[in-house]
file entry_33.csv (CSV, C-alpha atoms)
chain,number,residue,atom,x,y,z
U,407,MET,CA,-2.6,-20.0,-17.0
U,408,ALA,CA,0.0,-17.5,-17.9
U,409,LEU,CA,3.6,-18.6,-17.9
U,410,ILE,CA,6.9,-16.9,-18.3
U,411,GLY,CA,8.1,-17.5,-21.8
U,412,LYS,CA,8.6,-16.0,-25.2
U,413,GLY,CA,5.7,-13.6,-25.9
U,414,VAL,CA,3.7,-15.0,-23.0
U,415,ILE,CA,2.1,-12.8,-20.4
U,416,LEU,CA,2.8,-13.3,-16.7
U,417,GLU,CA,0.0,-11.4,-15.0
U,418,THR,CA,0.6,-7.8,-16.1
U,419,PHE,CA,3.9,-8.1,-17.8
U,420,GLU,CA,5.2,-9.7,-20.9
U,421,THR,CA,8.6,-11.4,-21.3
U,422,VAL,CA,10.4,-11.3,-24.6
U,423,SER,CA,13.3,-13.7,-24.3
U,424,GLU,CA,15.9,-14.9,-26.7
U,425,GLY,CA,17.4,-18.3,-26.5
U,426,GLU,CA,15.2,-19.6,-23.7
U,427,SER,CA,16.4,-22.9,-22.4
U,428,PRO,CA,15.6,-25.1,-19.4
U,429,VAL,CA,17.6,-24.8,-16.2
U,430,VAL,CA,19.8,-27.9,-16.0
U,431,GLY,CA,23.3,-27.5,-14.7
U,432,GLU,CA,22.5,-24.3,-12.7
U,433,ILE,CA,19.8,-26.0,-10.6
U,434,HIS,CA,22.2,-26.4,-7.6
U,435,LEU,CA,22.8,-22.7,-7.7
U,436,LEU,CA,19.1,-21.8,-8.2
U,437,GLU,CA,17.6,-24.1,-5.6
U,438,PRO,CA,18.8,-22.0,-2.6
U,439,PHE,CA,17.5,-18.8,-4.2
U,440,ILE,CA,14.1,-20.4,-4.8
U,441,ALA,CA,14.0,-21.8,-1.2
U,442,ALA,CA,15.0,-18.4,0.2
U,443,THR,CA,12.3,-16.6,-1.9
U,444,ARG,CA,9.6,-19.1,-1.0
U,445,ALA,CA,10.5,-19.0,2.7
U,446,ALA,CA,10.9,-15.2,3.0
U,447,VAL,CA,7.8,-14.2,1.0
U,448,GLY,CA,5.8,-17.0,2.5
U,449,GLU,CA,6.6,-15.9,6.0
U,450,MET,CA,6.2,-12.2,5.3
U,451,VAL,CA,2.8,-12.5,3.7
U,452,GLY,CA,1.6,-15.7,5.5
U,453,GLY,CA,0.9,-17.9,2.5
U,454,GLU,CA,2.2,-20.5,0.1
U,455,ILE,CA,4.6,-19.5,-2.7
U,456,GLY,CA,4.6,-21.7,-5.8
U,457,VAL,CA,7.1,-21.9,-8.6
U,458,ARG,CA,5.6,-21.4,-12.0
U,459,LYS,CA,8.5,-21.9,-14.3
U,460,MET,CA,12.4,-21.8,-14.4
U,461,VAL,CA,14.3,-20.9,-17.5
U,462,ARG,CA,17.8,-19.7,-18.5
U,463,THR,CA,17.4,-16.8,-20.9
U,464,VAL,CA,18.7,-13.4,-22.0
U,465,VAL,CA,16.8,-10.4,-20.6
U,466,HIS,CA,17.2,-6.8,-21.3
U,467,HIS,CA,15.3,-5.3,-18.3
U,468,ALA,CA,13.4,-6.4,-15.3
U,469,PHE,CA,9.8,-7.5,-15.7
U,470,GLY,CA,6.7,-6.0,-14.2
U,471,ASP,CA,6.3,-2.5,-12.8
U,472,ILE,CA,8.6,-2.5,-9.7
U,473,ALA,CA,12.0,-4.2,-9.4
U,474,ALA,CA,13.9,-4.6,-6.1
U,475,VAL,CA,17.5,-5.1,-7.2
U,476,ILE,CA,20.5,-6.3,-5.2
U,477,GLY,CA,24.0,-6.4,-6.8
U,478,LEU,CA,26.0,-9.5,-6.2
U,479,SER,CA,29.4,-10.8,-7.0
U,480,LYS,CA,31.2,-14.0,-6.3
U,481,LYS,CA,32.9,-14.1,-2.9
U,482,GLY,CA,36.6,-13.3,-3.2
U,483,ASP,CA,36.2,-11.7,-6.7
U,484,VAL,CA,36.7,-8.1,-5.7
U,485,THR,CA,37.7,-7.2,-9.2
U,486,ALA,CA,34.6,-8.6,-10.9
U,487,ALA,CA,34.2,-6.8,-14.2
U,488,SER,CA,30.7,-8.1,-14.6
U,489,PRO,CA,28.9,-7.9,-11.3
U,490,GLY,CA,25.7,-9.9,-11.2
U,491,SER,CA,22.3,-9.0,-9.7
U,492,LEU,CA,19.3,-10.5,-8.0
U,493,ALA,CA,16.1,-8.7,-9.1
U,494,LEU,CA,12.7,-9.5,-7.7
U,495,SER,CA,10.2,-7.9,-10.1
U,496,PHE,CA,6.5,-7.4,-9.4
U,497,PRO,CA,3.4,-6.1,-11.2
U,498,GLN,CA,2.1,-3.1,-9.3
U,499,ARG,CA,-1.1,-5.0,-8.3
U,500,THR,CA,1.0,-7.8,-6.8
U,501,ALA,CA,3.4,-5.4,-5.0
U,502,ALA,CA,0.5,-3.5,-3.5
U,503,ALA,CA,-1.3,-6.7,-2.3
U,504,LEU,CA,2.0,-8.1,-0.8
U,505,ALA,CA,2.7,-4.8,1.0
U,506,GLN,CA,-0.8,-4.6,2.3
U,507,ARG,CA,-0.4,-8.2,3.6
U,508,ILE,CA,3.0,-7.5,5.2
U,509,LEU,CA,1.6,-4.4,6.9
U,510,THR,CA,-1.6,-5.9,8.1
U,511,GLY,CA,-2.6,-4.5,11.5
U,512,THR,CA,-0.7,-1.2,11.1
U,513,THR,CA,-2.4,2.2,10.7
U,514,ILE,CA,0.1,3.5,8.2
U,515,GLU,CA,-1.4,4.8,5.0
U,516,MET,CA,-0.3,2.8,2.0
U,517,ASP,CA,1.5,4.8,-0.7
U,518,GLN,CA,3.9,4.0,-3.5
U,519,LYS,CA,7.0,4.8,-1.3
U,520,LEU,CA,5.8,2.3,1.3
U,521,ILE,CA,5.0,-0.4,-1.3
U,522,ASN,CA,8.6,0.1,-2.8
U,523,ASP,CA,10.0,-0.1,0.8
U,524,CYS,CA,8.2,-3.4,1.3
U,525,MET,CA,9.5,-4.8,-2.0
U,526,GLY,CA,13.0,-3.8,-1.0
U,527,GLU,CA,12.6,-5.5,2.3
U,528,ILE,CA,11.5,-8.7,0.7
U,529,ALA,CA,14.6,-8.6,-1.6
U,530,ASN,CA,16.8,-7.9,1.5
U,531,VAL,CA,15.4,-10.9,3.4
U,532,VAL,CA,15.6,-13.2,0.3
U,533,ALA,CA,19.3,-12.2,-0.2
U,534,GLY,CA,20.1,-12.9,3.5
U,535,GLN,CA,18.5,-16.3,3.4
U,536,ALA,CA,20.0,-17.2,0.1
U,537,LYS,CA,23.5,-16.2,1.4
U,538,ALA,CA,23.0,-18.4,4.5
U,539,LEU,CA,21.8,-21.4,2.3
U,540,LEU,CA,24.8,-20.9,0.0
U,541,ALA,CA,27.4,-20.5,2.8
U,542,GLU,CA,28.8,-24.0,2.6
U,543,THR,CA,28.6,-24.4,-1.2
U,544,ARG,CA,30.8,-23.4,-4.0
U,545,TYR,CA,28.3,-20.7,-4.8
U,546,GLN,CA,29.2,-18.0,-2.3
U,547,PHE,CA,28.2,-14.4,-3.1
U,548,VAL,CA,28.7,-10.9,-1.7
U,549,PHE,CA,25.5,-8.9,-1.8
U,550,ALA,CA,25.4,-5.2,-2.2
U,551,LEU,CA,22.8,-3.9,0.3
U,552,PRO,CA,20.5,-2.1,0.6
U,553,PRO,CA,18.4,-3.1,-2.4
U,554,THR,CA,17.6,-0.5,-5.0
U,555,VAL,CA,13.9,-0.3,-5.9
U,556,VAL,CA,13.2,1.1,-9.4
U,557,ASP,CA,10.7,1.1,-12.2
U,558,ALA,CA,11.3,-2.3,-13.7
U,559,ARG,CA,12.1,-0.9,-17.1
U,560,GLU,CA,14.9,1.2,-15.6
U,561,PHE,CA,16.8,-1.8,-14.5
U,562,GLN,CA,19.0,-3.4,-17.1
U,563,PRO,CA,21.3,-6.3,-16.2
U,564,GLN,CA,24.9,-6.1,-17.1
U,565,PRO,CA,25.2,-7.1,-20.8
U,566,GLY,CA,26.6,-10.6,-21.4
U,567,LEU,CA,25.4,-12.2,-18.2
U,568,ASP,CA,23.2,-15.3,-18.2
U,569,CYS,CA,19.9,-14.9,-16.5
U,570,LEU,CA,18.1,-17.6,-14.5
U,571,LEU,CA,14.5,-16.6,-14.4
U,572,VAL,CA,11.9,-18.0,-12.0
U,573,GLY,CA,8.2,-17.2,-12.0
U,574,PHE,CA,6.5,-17.4,-8.7
U,575,THR,CA,2.8,-17.5,-7.8
U,576,THR,CA,1.0,-16.4,-4.6
U,577,ASP,CA,-2.5,-15.9,-3.6
U,578,HIS,CA,-1.8,-12.2,-4.1
U,579,GLY,CA,-0.4,-12.4,-7.7
U,580,GLU,CA,2.7,-13.5,-9.5
U,581,PHE,CA,6.2,-12.1,-9.5
U,582,ALA,CA,9.6,-13.1,-11.0
U,583,MET,CA,13.1,-13.5,-9.7
U,584,GLN,CA,15.9,-12.7,-12.2
U,585,LEU,CA,19.4,-14.0,-11.2
U,586,SER,CA,21.9,-12.5,-13.6
U,587,LEU,CA,25.4,-13.9,-13.3
U,588,ALA,CA,28.5,-14.8,-15.2
U,589,LEU,CA,28.1,-18.6,-15.1

call {"tool": "encode", "arguments": {"input": "entry_33.csv", "output": "structure tokens"}}
result
Amino acid sequence: MALIGKGVILETFETVSEGESPVVGEIHLLEPFIAATRAAVGEMVGGEIGVRKMVRTVVHHAFGDIAAVIGLSKKGDVTAASPGSLALSFPQRTAAALAQRILTGTTIEMDQKLINDCMGEIANVVAGQAKALLAETRYQFVFALPPTVVDAREFQPQPGLDCLLVGFTTDHGEFAMQLSLAL
């Protein structure tokens, strides 16, 4: 089984991380994002979403082929010099399979634009659910919507931010969530 980790392949993409460490103190922040991702993707594609691995690491780009990125900042911090981001990154094969599953029953022809739109919609729903789950906690964020969907290598998180990285598994492939924040 492939895991996220230094020099280890997660489906079709490789992570190269520096200073990888377990998620400990940030688990209360990360749990709502994991729950939101599992619920949103699970409902949208009609399946179970598993968590493969969680680490705190430094990343220099999104993983995979497609990244759906939503900017975020701490609520009330309108002068945030280092805005964070929530990036869901997918190998092309996983993104296509998820989009096909989301659009089951439609007669629309699947193309790359439609696949990207579906990945953006997944990110949008995850952000909305995470915001609701975090509403009564000390972790309240403002999300910059709509999501931007780009080639994964084009997205580069703000330098100096910590990244909480979670690998997810589905029946349709694996994907990753990168939560980059000033912790």

call {"tool": "closest_residue", "arguments": {"input": "entry_33.csv", "among": "U:Val451, U:Leu539, U:Ile508, U:Met525", "to": "U:Phe439", "atoms": "all atoms listed in the file"}}
result
U:Leu539

call {"tool": "atom_distance", "arguments": {"input": "entry_33.csv", "atom1": "atom CA of U:Lys537", "atom2": "atom CA of U:Ala442"}}
result
8.9 Å

call {"tool": "closest_residue", "arguments": {"input": "entry_33.csv", "among": "U:Gln546, U:Glu580, U:Arg559, U:Glu515", "to": "U:Ser479", "atoms": "all atoms listed in the file"}}
result
U:Gln546

call {"tool": "axis_aligned_box", "arguments": {"input": "entry_33.csv", "around": "stretch 434-451 of chain U", "padding_each_side": "6 Å", "output": "JSON"}}
result
{"center_x": 12.8, "center_y": -19.3, "center_z": -1.1, "size_x": 32.0, "size_y": 26.2, "size_z": 26.2}

call {"tool": "closest_residue", "arguments": {"input": "entry_33.csv", "among": "U:Arg507, U:Lys519, U:His466, U:Lys480", "to": "U:Pro565", "atoms": "only C-alpha atoms"}}
result
U:His466

call {"tool": "closest_residue", "arguments": {"input": "entry_33.csv", "among": "U:Gln535, U:Thr554, U:Thr543, U:Thr463", "to": "U:Val447", "atoms": "all atoms listed in the file"}}
result
U:Gln535
